[in-house]
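Enquirer: The file below is target32.pdb, PDB, C-alpha atoms and all ligand atoms:
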ATOM      1  CA  MET O  96      -5.452  10.003 -16.213
ATOM      2  CA  ARG O  97      -2.273   8.096 -16.862
ATOM      3  CA  ILE O  98      -0.140   7.752 -13.755
ATOM      4  CA  GLY O  99       3.507   6.714 -13.788
ATOM      5  CA  VAL O 100       4.352   5.038 -10.471
ATOM      6  CA  LEU O 101       8.019   4.973  -9.508
ATOM      7  CA  SER O 102       8.493   1.239  -8.887
ATOM      8  CA  VAL O 103      12.123   0.693  -7.920
ATOM      9  CA  GLN O 104      11.502  -0.038  -4.206
ATOM     10  CA  GLY O 105       8.864   0.265  -1.495
ATOM     11  CA  ALA O 106       5.063   0.494  -1.517
ATOM     12  CA  PHE O 107       4.591   1.019  -5.268
ATOM     13  CA  ALA O 108       1.969  -1.760  -5.615
ATOM     14  CA  GLU O 109      -0.248  -0.052  -3.012
ATOM     15  CA  MET O 110       0.215   3.268  -4.776
ATOM     16  CA  ALA O 111      -0.768   1.819  -8.151
ATOM     17  CA  ALA O 112      -3.797  -0.007  -6.660
ATOM     18  CA  TYR O 113      -4.966   3.248  -5.077
ATOM     19  CA  TRP O 114      -4.868   5.115  -8.379
ATOM     20  CA  ARG O 115      -6.537   2.297 -10.293
ATOM     21  CA  ALA O 116      -9.343   2.353  -7.713
ATOM     22  CA  GLN O 117      -9.822   6.032  -8.644
ATOM     23  CA  GLY O 118     -10.262   4.972 -12.264
ATOM     24  CA  ALA O 119      -6.798   5.978 -13.450
ATOM     25  CA  GLU O 120      -4.515   3.955 -15.686
ATOM     26  CA  THR O 121      -1.123   3.208 -14.130
ATOM     27  CA  PHE O 122       2.230   1.955 -15.328
ATOM     28  CA  GLU O 123       5.447   1.131 -13.503
ATOM     29  CA  ILE O 124       8.568   3.230 -13.893
ATOM     30  CA  ARG O 125      11.547   0.910 -13.486
ATOM     31  CA  GLN O 126      13.904   2.063 -16.200
ATOM     32  CA  ARG O 127      14.543   5.033 -18.400
ATOM     33  CA  SER O 128      12.616   3.680 -21.401
ATOM     34  CA  ASP O 129       9.434   3.531 -19.274
ATOM     35  CA  LEU O 130       9.372   7.330 -19.296
ATOM     36  CA  GLU O 131       8.686   7.323 -23.039
ATOM     37  CA  ARG O 132       5.149   6.144 -22.301
ATOM     38  CA  GLY O 133       4.178   9.615 -21.103
ATOM     39  CA  MET O 134       2.183  10.456 -17.993
ATOM     40  CA  ASP O 135      -0.226  13.028 -16.590
ATOM     41  CA  LEU O 136       1.088  12.533 -13.064
ATOM     42  CA  LEU O 137       4.113  10.999 -11.383
ATOM     43  CA  ALA O 138       3.453   9.062  -8.154
ATOM     44  CA  LEU O 139       6.355   8.621  -5.731
ATOM     45  CA  PRO O 140       5.597   5.847  -3.212
ATOM     46  CA  GLY O 141       6.712   5.230   0.359
ATOM     47  CA  GLY O 142       9.688   3.040   1.134
ATOM     48  CA  GLU O 143      13.288   3.819   1.980
ATOM     49  CA  SER O 144      14.391   7.128   0.550
ATOM     50  CA  THR O 145      18.090   6.228   0.818
ATOM     51  CA  VAL O 146      17.571   3.062  -1.255
ATOM     52  CA  GLN O 147      15.263   4.786  -3.740
ATOM     53  CA  GLY O 148      17.735   7.650  -4.185
ATOM     54  CA  LYS O 149      20.559   5.225  -4.896
ATOM     55  CA  LEU O 150      18.479   3.183  -7.365
ATOM     56  CA  LEU O 151      17.266   6.311  -9.171
ATOM     57  CA  ASN O 152      20.877   7.178  -9.742
ATOM     58  CA  ASP O 153      22.026   3.673 -10.709
ATOM     59  CA  LEU O 154      19.138   3.187 -13.139
ATOM     60  CA  GLY O 155      19.655   6.520 -14.894
ATOM     61  CA  LEU O 156      16.215   7.711 -13.792
ATOM     62  CA  PHE O 157      17.311  10.566 -11.579
ATOM     63  CA  THR O 158      18.055  13.262 -14.167
ATOM     64  CA  PRO O 159      15.098  12.665 -16.533
ATOM     65  CA  LEU O 160      12.680  12.561 -13.588
ATOM     66  CA  LYS O 161      14.143  15.679 -12.004
ATOM     67  CA  GLU O 162      13.802  17.538 -15.317
ATOM     68  CA  ARG O 163      10.144  16.551 -15.550
ATOM     69  CA  ILE O 164       9.423  17.451 -11.911
ATOM     70  CA  ASP O 165      11.128  20.821 -12.192
ATOM     71  CA  GLY O 166       9.358  21.356 -15.516
ATOM     72  CA  GLY O 167       5.954  21.221 -13.814
ATOM     73  CA  LEU O 168       4.832  17.593 -14.178
ATOM     74  CA  PRO O 169       2.172  17.017 -11.478
ATOM     75  CA  VAL O 170       3.581  14.891  -8.648
ATOM     76  CA  PHE O 171       1.849  12.974  -5.842
ATOM     77  CA  ALA O 172       4.423  11.921  -3.260
ATOM     78  CA  VAL O 173       4.166   9.846  -0.116
ATOM     79  CA  CYS O 174       6.638   9.590   2.751
ATOM     80  CA  ALA O 175       9.951   8.478   1.186
ATOM     81  CA  GLY O 176       8.735  10.264  -1.963
ATOM     82  CA  LEU O 177       8.309  13.474   0.029
ATOM     83  CA  ILE O 178      11.825  13.056   1.423
ATOM     84  CA  LEU O 179      13.224  12.734  -2.107
ATOM     85  CA  LEU O 180      11.443  15.955  -3.089
ATOM     86  CA  ALA O 181      12.474  18.046  -0.079
ATOM     87  CA  GLU O 182      14.926  20.849  -0.708
ATOM     88  CA  LYS O 183      16.592  20.306   2.662
ATOM     89  CA  ILE O 184      17.199  17.219   4.786
ATOM     90  CA  ASP O 185      17.258  18.477   8.354
ATOM     91  CA  ASP O 186      19.993  16.311   9.830
ATOM     92  CA  PRO O 187      20.545  16.676  13.565
ATOM     93  CA  GLY O 188      23.283  14.066  13.316
ATOM     94  CA  SER O 189      21.133  11.108  14.235
ATOM     95  CA  ARG O 190      22.089   7.785  12.687
ATOM     96  CA  THR O 191      18.640   7.216  11.216
ATOM     97  CA  ASN O 192      18.501  10.606   9.532
ATOM     98  CA  THR O 193      21.199  10.121   6.912
ATOM     99  CA  ARG O 194      20.690  11.878   3.602
ATOM    100  CA  PRO O 195      19.720   9.915   0.533
ATOM    101  CA  GLU O 196      22.709   9.739  -1.814
ATOM    102  CA  GLN O 197      20.612  11.443  -4.442
ATOM    103  CA  TRP O 198      17.388  13.382  -3.978
ATOM    104  CA  PHE O 199      15.403  15.770  -6.171
ATOM    105  CA  GLY O 200      15.377  18.769  -3.835
ATOM    106  CA  SER O 201      12.569  20.370  -5.833
ATOM    107  CA  LEU O 202      10.088  21.214  -3.037
ATOM    108  CA  PRO O 203      10.924  24.150  -0.730
ATOM    109  CA  ILE O 204      10.556  22.371   2.587
ATOM    110  CA  ALA O 205      12.945  20.801   5.111
ATOM    111  CA  VAL O 206      12.343  17.297   6.472
ATOM    112  CA  ARG O 207      13.756  15.184   9.255
ATOM    113  CA  ARG O 208      13.693  11.471   8.485
ATOM    114  CA  ASN O 209      12.269   8.942  10.977
ATOM    115  CA  ALA O 210      11.236  11.846  13.164
ATOM    116  CA  TYR O 211       8.751  10.153  15.484
ATOM    117  CA  GLY O 212      11.141   7.907  17.385
ATOM    118  CA  ARG O 213      10.563   4.327  18.450
ATOM    119  CA  GLN O 214       7.327   4.616  20.398
ATOM    120  CA  LEU O 215       5.520   6.533  17.691
ATOM    121  CA  GLY O 216       7.506   5.027  14.819
ATOM    122  CA  SER O 217       4.263   3.995  13.160
ATOM    123  CA  PHE O 218       0.809   5.167  14.199
ATOM    124  CA  ARG O 219      -2.616   6.165  12.986
ATOM    125  CA  THR O 220      -4.619   9.257  13.615
ATOM    126  CA  ILE O 221      -7.693  10.961  12.197
ATOM    127  CA  GLY O 222      -7.411  14.530  11.101
ATOM    128  CA  VAL O 223      -8.418  17.340   8.799
ATOM    129  CA  PHE O 224      -6.988  17.260   5.298
ATOM    130  CA  ASP O 225      -7.462  20.244   2.993
ATOM    131  CA  GLY O 226     -10.521  21.324   5.018
ATOM    132  CA  LYS O 227     -12.067  17.822   5.000
ATOM    133  CA  PRO O 228     -12.607  16.304   8.482
ATOM    134  CA  ASN O 229     -12.258  12.659   9.590
ATOM    135  CA  VAL O 230      -9.480  11.669   7.230
ATOM    136  CA  PRO O 231      -7.567   8.573   8.436
ATOM    137  CA  MET O 232      -3.817   9.141   8.424
ATOM    138  CA  THR O 233      -1.338   6.288   8.645
ATOM    139  CA  PHE O 234       2.229   7.237   9.534
ATOM    140  CA  ILE O 235       4.928   4.609   8.912
ATOM    141  CA  ARG O 236       8.411   5.558  10.126
ATOM    142  CA  ALA O 237       7.387   8.955   8.896
ATOM    143  CA  PRO O 238       9.486  12.040   8.395
ATOM    144  CA  ALA O 239       8.552  15.390   9.937
ATOM    145  CA  ILE O 240       8.356  18.577   7.926
ATOM    146  CA  THR O 241      10.442  21.041   9.918
ATOM    147  CA  GLU O 242      10.306  24.095   7.624
ATOM    148  CA  VAL O 243       8.138  25.262   4.757
ATOM    149  CA  ALA O 244       8.704  28.201   2.420
ATOM    150  CA  PRO O 245       5.995  30.904   2.630
ATOM    151  CA  GLU O 246       4.474  29.949  -0.729
ATOM    152  CA  VAL O 247       3.921  26.318   0.320
ATOM    153  CA  GLU O 248       0.307  25.507   1.248
ATOM    154  CA  VAL O 249      -0.085  23.300   4.330
ATOM    155  CA  LEU O 250      -2.943  20.805   3.892
ATOM    156  CA  SER O 251      -2.772  18.932   7.221
ATOM    157  CA  THR O 252      -0.914  19.043  10.532
ATOM    158  CA  PHE O 253      -0.129  16.778  13.468
ATOM    159  CA  ASP O 254       0.896  18.285  16.801
ATOM    160  CA  GLY O 255       1.099  21.633  15.061
ATOM    161  CA  ALA O 256       3.602  20.528  12.406
ATOM    162  CA  PRO O 257       2.717  20.207   8.709
ATOM    163  CA  THR O 258       2.094  16.642   7.484
ATOM    164  CA  SER O 259       1.022  17.331   3.920
ATOM    165  CA  VAL O 260       1.725  20.206   1.578
ATOM    166  CA  ARG O 261       0.944  21.540  -1.858
ATOM    167  CA  TRP O 262       3.284  23.686  -3.910
ATOM    168  CA  ARG O 263       2.881  24.414  -7.611
ATOM    169  CA  SER O 264       2.137  21.015  -9.173
ATOM    170  CA  ILE O 265       3.429  18.942  -6.237
ATOM    171  CA  THR O 266       1.266  17.401  -3.484
ATOM    172  CA  ALA O 267       3.241  15.532  -0.819
ATOM    173  CA  PHE O 268       2.404  13.651   2.362
ATOM    174  CA  THR O 269       4.407  12.399   5.343
ATOM    175  CA  TRP O 270       1.565   9.849   5.892
ATOM    176  CA  HIS O 271       0.060   7.264   3.550
ATOM    177  CA  PRO O 272      -3.277   8.374   2.040
ATOM    178  CA  GLU O 273      -3.139   5.448  -0.403
ATOM    179  CA  LEU O 274      -3.489   2.934   2.470
ATOM    180  CA  ASN O 275      -6.857   4.287   3.669
TER     181      ASN O 275
HETATM  182  N1  LIG G   1      11.613   6.032   6.962
HETATM  183  C1  LIG G   1      11.576   6.052   5.520
HETATM  184  C2  LIG G   1      12.701   6.932   4.956
HETATM  185  O1  LIG G   1      13.329   7.618   5.676
HETATM  186  C3  LIG G   1      10.238   6.541   5.009
HETATM  187  C4  LIG G   1       9.140   5.597   5.433
HETATM  188  C5  LIG G   1       7.975   5.533   4.473
HETATM  189  O2  LIG G   1       8.107   5.826   3.301
HETATM  190  N2  LIG G   1       6.849   5.086   4.992
HETATM  191  O3  LIG G   1      12.946   6.936   3.801
END
Would you write out, as structure tokens, the structure that this file holds?
Ligand code: GLN
Expert:
Amino acid sequence: MRIGVLSVQGAFAEMAAYWRAQGAETFEIRQRSDLERGMDLLALPGGESTVQGKLLNDLGLFTPLKERIDGGLPVFAVCAGLILLAEKIDDPGSRTNTRPEQWFGSLPIAVRRNAYGRQLGSFRTIGVFDGKPNVPMTFIRAPAITEVAPEVEVLSTFDGAPTSVRWRSITAFTWHPELN
């Protein structure tokens, strides 16, 4: 598999290392011409969704990536990547939950950014993922998924709320599978 890793900001090196450890070939997406290389899967790393959204726009990557995502390109998205994909940003008016300037809005879920507050800002747990037990889950200033459309498959939960989902060709996590 050839994986294009969005590499404008955040934990893209960890994402690429994870996929290479699975035997995949990876390349960095930093500018529009990188997209000409072609990919079997797009990986959207963790980081700051507001910064990533702005850079996607400034670098001219937003529209060509959105077309590919909406056209069915398989996507693996983590944390900030999940925020960029969410159809709705659930914004209760908190200062830390501002909307990214630009986001794809392709995945029918709602998310609240930085949802776990200061105490639980970052934490680890062990849970069930897609029926598999004992999966380590690392949450880093994670968002919460507050709504999912009926056709979205929930793959894991924490405190009863979805933490990873699959819909069409998109798999997205509020935690960081690539770190464990
Ligand atoms: N808090 C970040 C955001 O809102 C996401 C954190 C992460 O990607 N680990 O974009």
Enquirer: I would like the residues chosen by the PyMOL selection byres (((not hetatm)) within 7 of (chain G and resi 1)) on the shown file; could you give them as a list in words?
Expert: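 Those residues are Pro140, Gly141, Gly142, Glu143, Ser144, Thr145, Val173, Cys174, Ala175, Gly176, Ile178, Arg208, Asn209, Phe234, Ile235, Arg236, Ala237 and Pro238 of chain O.
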Enquirer: For this file, the PyMOL selection byres (((chain O and resi 194) around 10) and not hetatm) selects which residues, as a PyMOL selection string?
Expert: chain O and resi 144-145+148+178-179+183-186+191-193+195-198+207-208
Enquirer: Would you translate the PyMOL selection byres (((chain O and resi 261) around 10) and not hetatm) into the concrete set of residues it matches in this file, as a short mmCIF file (atom, residue, chain, number, x, y, z; two decimals) with C-alpha atoms, in the frame of the given file?
Expert:
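Okay, this is what ended up in out-v8.cif:
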data_model
loop_
_atom_site.label_atom_id
_atom_site.label_comp_id
_atom_site.auth_asym_id
_atom_site.auth_seq_id
_atom_site.Cartn_x
_atom_site.Cartn_y
_atom_site.Cartn_z
CA VAL O 170 3.58 14.89 -8.65
CA PHE O 171 1.85 12.97 -5.84
CA LEU O 202 10.09 21.21 -3.04
CA ASP O 225 -7.46 20.24 2.99
CA GLU O 246 4.47 29.95 -0.73
CA VAL O 247 3.92 26.32 0.32
CA GLU O 248 0.31 25.51 1.25
CA VAL O 249 -0.08 23.30 4.33
CA LEU O 250 -2.94 20.80 3.89
CA SER O 259 1.02 17.33 3.92
CA VAL O 260 1.72 20.21 1.58
CA TRP O 262 3.28 23.69 -3.91
CA ARG O 263 2.88 24.41 -7.61
CA SER O 264 2.14 21.02 -9.17
CA ILE O 265 3.43 18.94 -6.24
CA THR O 266 1.27 17.40 -3.48
CA ALA O 267 3.24 15.53 -0.82
CA PHE O 268 2.40 13.65 2.36
#
Enquirer: Would you please work out which residue, of O:Thr121, O:Ala181, O:Leu130, O:Ala106, is nearest to Ser201 (chain O) when using all atoms listed in the file?
Expert: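 Between O:Thr121, O:Ala181, O:Leu130, O:Ala106, the residue approaching Ser201 (chain O) most closely is O:Ala181.
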Enquirer: Return as lines of an AutoDock Vina configuration file the centre and edge lengths, in Å with one decimal, of the box along x, y and z that encloses every atom of region 116-130 of chain O in the file, padded by 6 Å per side.
Expert:
center_x = 2.1
center_y = 4.1
center_z = -14.6
size_x = 36.8
size_y = 18.4
size_z = 25.7
Enquirer: Which residues come within 10 Å of Leu156 (chain O), counting only C-alpha atoms, excluding same-chain residues fewer than 6 positions away, as a PyMOL selection string?
Expert: chain O and resi 101+124-130+148+150
Enquirer: Determine, counting all atoms listed in the file, which protein, DNA and RNA residues have an atom within 8 Å of an atom of region 113-117 of chain O; residues of the same chain fewer than 3 positions away are not included. Present the result as a list in words.
Expert: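 Contacts, in chain order: Ile98, Glu109, Met110, Glu120, Thr121, Glu273 and Leu274 of chain O.
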Enquirer: Store the residues picked out above, limited to C-alpha atoms, as a PDB file, in the coordinates of the input.
Expert:
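What follows is the written file result.pdb:
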ATOM      1  CA  ILE O  98      -0.140   7.752 -13.755  1.00  0.00           C
ATOM      2  CA  GLU O 109      -0.248  -0.052  -3.012  1.00  0.00           C
ATOM      3  CA  MET O 110       0.215   3.268  -4.776  1.00  0.00           C
ATOM      4  CA  GLU O 120      -4.515   3.955 -15.686  1.00  0.00           C
ATOM      5  CA  THR O 121      -1.123   3.208 -14.130  1.00  0.00           C
ATOM      6  CA  GLU O 273      -3.139   5.448  -0.403  1.00  0.00           C
ATOM      7  CA  LEU O 274      -3.489   2.934   2.470  1.00  0.00           C
TER       8      LEU O 274
END
Enquirer: Work out how far apart CA of Gly216 (chain O) and CA of Phe157 (chain O) are and give it in Å to one decimal.
Expert: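 Those two atoms sit 28.7 Å apart.
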Enquirer: State, in Å with one decimal place, the distance from CA of Ile164 (chain O) to CA of Gly200 (chain O).
Expert: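 We find that CA of Ile164 (chain O) and CA of Gly200 (chain O) lie 10.1 Å from each other.
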Enquirer: For region 97-129 of chain O of the block above, can you save N, CA and C atoms as a PDB file, in the first residue's frame?
Expert:
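The result, stored in part-v3.pdb:
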ATOM      1  N   ARG O  97       0.398   2.232  -0.722  1.00  0.00           N
ATOM      2  CA  ARG O  97       1.062   3.538  -0.721  1.00  0.00           C
ATOM      3  C   ARG O  97       0.200   4.509   0.072  1.00  0.00           C
ATOM      4  N   ILE O  98       0.794   5.079   1.118  1.00  0.00           N
ATOM      5  CA  ILE O  98       0.027   5.937   2.016  1.00  0.00           C
ATOM      6  C   ILE O  98       0.537   7.368   1.898  1.00  0.00           C
ATOM      7  N   GLY O  99      -0.346   8.293   1.612  1.00  0.00           N
ATOM      8  CA  GLY O  99       0.000   9.710   1.633  1.00  0.00           C
ATOM      9  C   GLY O  99      -0.314  10.247   3.027  1.00  0.00           C
ATOM     10  N   VAL O 100       0.693  10.801   3.687  1.00  0.00           N
ATOM     11  CA  VAL O 100       0.505  11.311   5.055  1.00  0.00           C
ATOM     12  C   VAL O 100       0.489  12.842   4.994  1.00  0.00           C
ATOM     13  N   LEU O 101      -0.619  13.430   5.378  1.00  0.00           N
ATOM     14  CA  LEU O 101      -0.678  14.894   5.425  1.00  0.00           C
ATOM     15  C   LEU O 101       0.392  15.378   6.408  1.00  0.00           C
ATOM     16  N   SER O 102       1.319  16.196   5.938  1.00  0.00           N
ATOM     17  CA  SER O 102       2.508  16.530   6.738  1.00  0.00           C
ATOM     18  C   SER O 102       2.718  18.033   6.836  1.00  0.00           C
ATOM     19  N   VAL O 103       1.651  18.764   7.104  1.00  0.00           N
ATOM     20  CA  VAL O 103       1.781  20.225   7.218  1.00  0.00           C
ATOM     21  C   VAL O 103       1.991  20.662   8.667  1.00  0.00           C
ATOM     22  N   GLN O 104       1.587  19.827   9.630  1.00  0.00           N
ATOM     23  CA  GLN O 104       1.711  20.182  11.054  1.00  0.00           C
ATOM     24  C   GLN O 104       1.365  18.940  11.860  1.00  0.00           C
ATOM     25  N   GLY O 105       1.933  18.851  13.078  1.00  0.00           N
ATOM     26  CA  GLY O 105       1.482  17.824  14.018  1.00  0.00           C
ATOM     27  C   GLY O 105       2.284  16.531  13.941  1.00  0.00           C
ATOM     28  N   ALA O 106       1.635  15.422  14.313  1.00  0.00           N
ATOM     29  CA  ALA O 106       2.317  14.146  14.542  1.00  0.00           C
ATOM     30  C   ALA O 106       2.389  13.304  13.269  1.00  0.00           C
ATOM     31  N   PHE O 107       2.835  13.941  12.159  1.00  0.00           N
ATOM     32  CA  PHE O 107       2.887  13.211  10.886  1.00  0.00           C
ATOM     33  C   PHE O 107       4.029  12.196  10.857  1.00  0.00           C
ATOM     34  N   ALA O 108       5.144  12.482  11.553  1.00  0.00           N
ATOM     35  CA  ALA O 108       6.274  11.534  11.547  1.00  0.00           C
ATOM     36  C   ALA O 108       5.861  10.227  12.231  1.00  0.00           C
ATOM     37  N   GLU O 109       5.134  10.328  13.332  1.00  0.00           N
ATOM     38  CA  GLU O 109       4.650   9.141  14.045  1.00  0.00           C
ATOM     39  C   GLU O 109       3.679   8.356  13.163  1.00  0.00           C
ATOM     40  N   MET O 110       2.839   9.074  12.463  1.00  0.00           N
ATOM     41  CA  MET O 110       1.875   8.419  11.571  1.00  0.00           C
ATOM     42  C   MET O 110       2.599   7.654  10.462  1.00  0.00           C
ATOM     43  N   ALA O 111       3.593   8.280   9.864  1.00  0.00           N
ATOM     44  CA  ALA O 111       4.326   7.631   8.773  1.00  0.00           C
ATOM     45  C   ALA O 111       5.099   6.416   9.307  1.00  0.00           C
ATOM     46  N   ALA O 112       5.719   6.549  10.493  1.00  0.00           N
ATOM     47  CA  ALA O 112       6.484   5.440  11.070  1.00  0.00           C
ATOM     48  C   ALA O 112       5.562   4.242  11.342  1.00  0.00           C
ATOM     49  N   TYR O 113       4.368   4.539  11.827  1.00  0.00           N
ATOM     50  CA  TYR O 113       3.387   3.483  12.094  1.00  0.00           C
ATOM     51  C   TYR O 113       3.072   2.703  10.812  1.00  0.00           C
ATOM     52  N   TRP O 114       2.817   3.415   9.740  1.00  0.00           N
ATOM     53  CA  TRP O 114       2.443   2.721   8.499  1.00  0.00           C
ATOM     54  C   TRP O 114       3.620   1.969   7.890  1.00  0.00           C
ATOM     55  N   ARG O 115       4.820   2.544   8.026  1.00  0.00           N
ATOM     56  CA  ARG O 115       5.993   1.824   7.507  1.00  0.00           C
ATOM     57  C   ARG O 115       6.214   0.535   8.296  1.00  0.00           C
ATOM     58  N   ALA O 116       5.941   0.585   9.601  1.00  0.00           N
ATOM     59  CA  ALA O 116       6.072  -0.630  10.424  1.00  0.00           C
ATOM     60  C   ALA O 116       5.073  -1.709   9.991  1.00  0.00           C
ATOM     61  N   GLN O 117       3.982  -1.297   9.346  1.00  0.00           N
ATOM     62  CA  GLN O 117       3.014  -2.281   8.825  1.00  0.00           C
ATOM     63  C   GLN O 117       3.423  -2.764   7.429  1.00  0.00           C
ATOM     64  N   GLY O 118       4.561  -2.271   6.939  1.00  0.00           N
ATOM     65  CA  GLY O 118       5.017  -2.694   5.623  1.00  0.00           C
ATOM     66  C   GLY O 118       4.545  -1.814   4.477  1.00  0.00           C
ATOM     67  N   ALA O 119       3.913  -0.707   4.794  1.00  0.00           N
ATOM     68  CA  ALA O 119       3.425   0.184   3.725  1.00  0.00           C
ATOM     69  C   ALA O 119       4.521   1.159   3.308  1.00  0.00           C
ATOM     70  N   GLU O 120       4.347   1.707   2.121  1.00  0.00           N
ATOM     71  CA  GLU O 120       5.233   2.768   1.637  1.00  0.00           C
ATOM     72  C   GLU O 120       4.530   4.088   1.957  1.00  0.00           C
ATOM     73  N   THR O 121       5.276   5.078   2.431  1.00  0.00           N
ATOM     74  CA  THR O 121       4.612   6.350   2.766  1.00  0.00           C
ATOM     75  C   THR O 121       5.297   7.506   2.032  1.00  0.00           C
ATOM     76  N   PHE O 122       4.546   8.562   1.815  1.00  0.00           N
ATOM     77  CA  PHE O 122       5.154   9.807   1.350  1.00  0.00           C
ATOM     78  C   PHE O 122       4.438  10.970   2.018  1.00  0.00           C
ATOM     79  N   GLU O 123       5.142  12.097   2.094  1.00  0.00           N
ATOM     80  CA  GLU O 123       4.587  13.269   2.783  1.00  0.00           C
ATOM     81  C   GLU O 123       3.791  14.132   1.808  1.00  0.00           C
ATOM     82  N   ILE O 124       2.647  14.592   2.264  1.00  0.00           N
ATOM     83  CA  ILE O 124       1.876  15.559   1.475  1.00  0.00           C
ATOM     84  C   ILE O 124       2.084  16.927   2.103  1.00  0.00           C
ATOM     85  N   ARG O 125       2.822  17.770   1.411  1.00  0.00           N
ATOM     86  CA  ARG O 125       3.115  19.125   1.892  1.00  0.00           C
ATOM     87  C   ARG O 125       2.647  20.185   0.923  1.00  0.00           C
ATOM     88  N   GLN O 126       2.520  19.818  -0.333  1.00  0.00           N
ATOM     89  CA  GLN O 126       2.070  20.775  -1.339  1.00  0.00           C
ATOM     90  C   GLN O 126       1.266  20.043  -2.401  1.00  0.00           C
ATOM     91  N   ARG O 127       0.613  20.825  -3.210  1.00  0.00           N
ATOM     92  CA  ARG O 127      -0.321  20.289  -4.188  1.00  0.00           C
ATOM     93  C   ARG O 127       0.315  19.252  -5.104  1.00  0.00           C
ATOM     94  N   SER O 128       1.555  19.519  -5.534  1.00  0.00           N
ATOM     95  CA  SER O 128       2.207  18.608  -6.496  1.00  0.00           C
ATOM     96  C   SER O 128       2.451  17.223  -5.886  1.00  0.00           C
ATOM     97  N   ASP O 129       2.504  17.134  -4.553  1.00  0.00           N
ATOM     98  CA  ASP O 129       2.692  15.820  -3.916  1.00  0.00           C
ATOM     99  C   ASP O 129       1.531  14.879  -4.224  1.00  0.00           C
TER     100      ASP O 129
END
